[in-house]
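Report on one structure; see the data block that follows.
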Amino acid sequence: MARVILALILGLAVLTWAVSGIVQTTARQWFERDVVSRARLALVGANQSLAAAWHWAPEDLARQLTDIARDEHVIGIAACDADLTVRYSTTGFPEEFRCPAIGWRVRGPELVAGEGPSLRELATVATLPTGRVHVTAMPVTNLGQQVGFVVLVHDLSYIDRREAQARTFVLFAAGLL
């Protein structure tokens, strides 16, 4: 009888461990997709106004980017010209994602009408000393011409906290059962 109870407890422990891993992975994927959607929504929605301010109103460009960066989970945002020079960046924007550092991943190999490489969208997760971040880079197009790209860095530490809460809930529920 004791062996049956021990096997049952061991089986429940393995099942709890597996369910906890599945919940953690699923929750992380949901949250990261949410971050990608929010970043795309902000940058696609602002593309026309950013493009209009790109060359003619640098103060307006700075204001718009600062407004986007006011989100509590945004670490920083930068505007980069097509030649990888910084047009604007918010205070605290991570050095690891400055224009020259991320530009090689945003530039495509294909040439656009002899003007040079085209710019493409980038979405990736990276780790900084302060924790995991999500980096989104999106081209800015004005009248059909790519003038540069915007890099948006989101803090993902809140996702780690939510994963820990989900894991605690699963362990608590399994223990209660």
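Lettering and numbering for the structure tokens are positional, with chains as A, B, ... in the shown order, residues counted from 1 in each chain, and ligands counted from 1 in the shown order.
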Neighbouring residues of A:Phe172 were defined as those with any atom within 12 Å, considering only C-alpha atoms; residues of the same chain fewer than 4 positions away were excluded. Please report them as a ChimeraX atom specification.
/A:13,16-17,20,165-168,176-177
Mind checking DSSP for stretch 17-170 of chain A and telling me the helix (DSSP H, G or I) residues as an MDAnalysis selection string?
chainID A and resid 17:56 58:68 95:97 99:106 157:170
Per residue of stretch 1-120 of chain A within 6 Å of stretch 135-142 of chain A, note the shortest atom pair and the distance in Å to one decimal, counting only C-alpha atoms, and order the rows by chain and increasing residue number, as JSON lines.
```
{"residue": "A:Asn47", "atom": "CA", "partner": "A:Val140", "partner_atom": "CA", "distance": 5.9}
{"residue": "A:Ala51", "atom": "CA", "partner": "A:Asn142", "partner_atom": "CA", "distance": 5.2}
{"residue": "A:Leu119", "atom": "CA", "partner": "A:Pro139", "partner_atom": "CA", "distance": 5.8}
```
Determine, counting only C-alpha atoms, which protein, DNA and RNA residues have an atom within 10 Å of an atom of stretch 33-38 of chain A; residues of the same chain fewer than 2 positions away are not included. Present the result as a ChimeraX atom specification.
/A:27-31,40-44,73,123-124,134-136,154-156,159
Residues of the last selection are to be written out with C-alpha atoms, as a PDB file, in the first residue's frame.
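What landed in out10.pdb:
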```pdb
ATOM      1  CA  ALA A  27       2.525  32.173 -20.821  1.00  0.00           C
ATOM      2  CA  ARG A  28       5.914  33.420 -22.095  1.00  0.00           C
ATOM      3  CA  GLN A  29       4.809  32.977 -25.721  1.00  0.00           C
ATOM      4  CA  TRP A  30       1.534  34.829 -25.070  1.00  0.00           C
ATOM      5  CA  PHE A  31       3.258  37.737 -23.358  1.00  0.00           C
ATOM      6  CA  ARG A  40       4.066  47.006 -34.159  1.00  0.00           C
ATOM      7  CA  LEU A  41       0.844  48.878 -33.409  1.00  0.00           C
ATOM      8  CA  ALA A  42       2.740  51.855 -31.986  1.00  0.00           C
ATOM      9  CA  LEU A  43       5.290  52.007 -34.783  1.00  0.00           C
ATOM     10  CA  VAL A  44       2.990  51.280 -37.722  1.00  0.00           C
ATOM     11  CA  HIS A  73       7.562  48.782 -20.136  1.00  0.00           C
ATOM     12  CA  ALA A 123      11.716  41.459 -33.693  1.00  0.00           C
ATOM     13  CA  THR A 124      13.942  39.590 -31.254  1.00  0.00           C
ATOM     14  CA  HIS A 134      12.367  42.617 -26.603  1.00  0.00           C
ATOM     15  CA  VAL A 135      13.814  44.628 -29.485  1.00  0.00           C
ATOM     16  CA  THR A 136      11.637  45.751 -32.391  1.00  0.00           C
ATOM     17  CA  HIS A 154      10.740  46.740 -24.224  1.00  0.00           C
ATOM     18  CA  ASP A 155      11.574  45.492 -20.722  1.00  0.00           C
ATOM     19  CA  LEU A 156      10.426  41.870 -20.260  1.00  0.00           C
ATOM     20  CA  ILE A 159       6.835  38.694 -17.956  1.00  0.00           C
TER      21      ILE A 159
END
```
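Using only C-alpha atoms, the nearest neighbour of A:Arg98 within the list A:Arg70, A:Tyr158, A:Leu152, A:Glu121 is A:Leu152.
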Which of A:Leu171, A:Val74, A:Val150, A:Leu143 sits closest to A:Gln48 [using only C-alpha atoms]
A:Leu143
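The space between atom CA of A:Val133 and atom CA of A:Ile75 spans 8.6 Å.
Reported to one decimal place, the separation of atom CA of A:Leu84 from atom CA of A:Cys99 is 5.1 Å.
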Interatomic distance, atom CA of A:Val23 to atom CA of A:Arg162 (Å, one decimal):
11.0 Å
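For stretch 17-129 of chain A, backbone-based DSSP labels the following residues as strand (DSSP E): Val74, Ile75, Gly76, Ile77, Ala78, Ala79, Cys80, Asp81, Val86, Arg87, Tyr88, Ser89, Arg107, Gly108, Pro109, Glu110, Leu111, Pro117, Ser118, Leu119, Leu122, Ala123, Thr124, Val125, Ala126, Thr127 and Leu128 of chain A.
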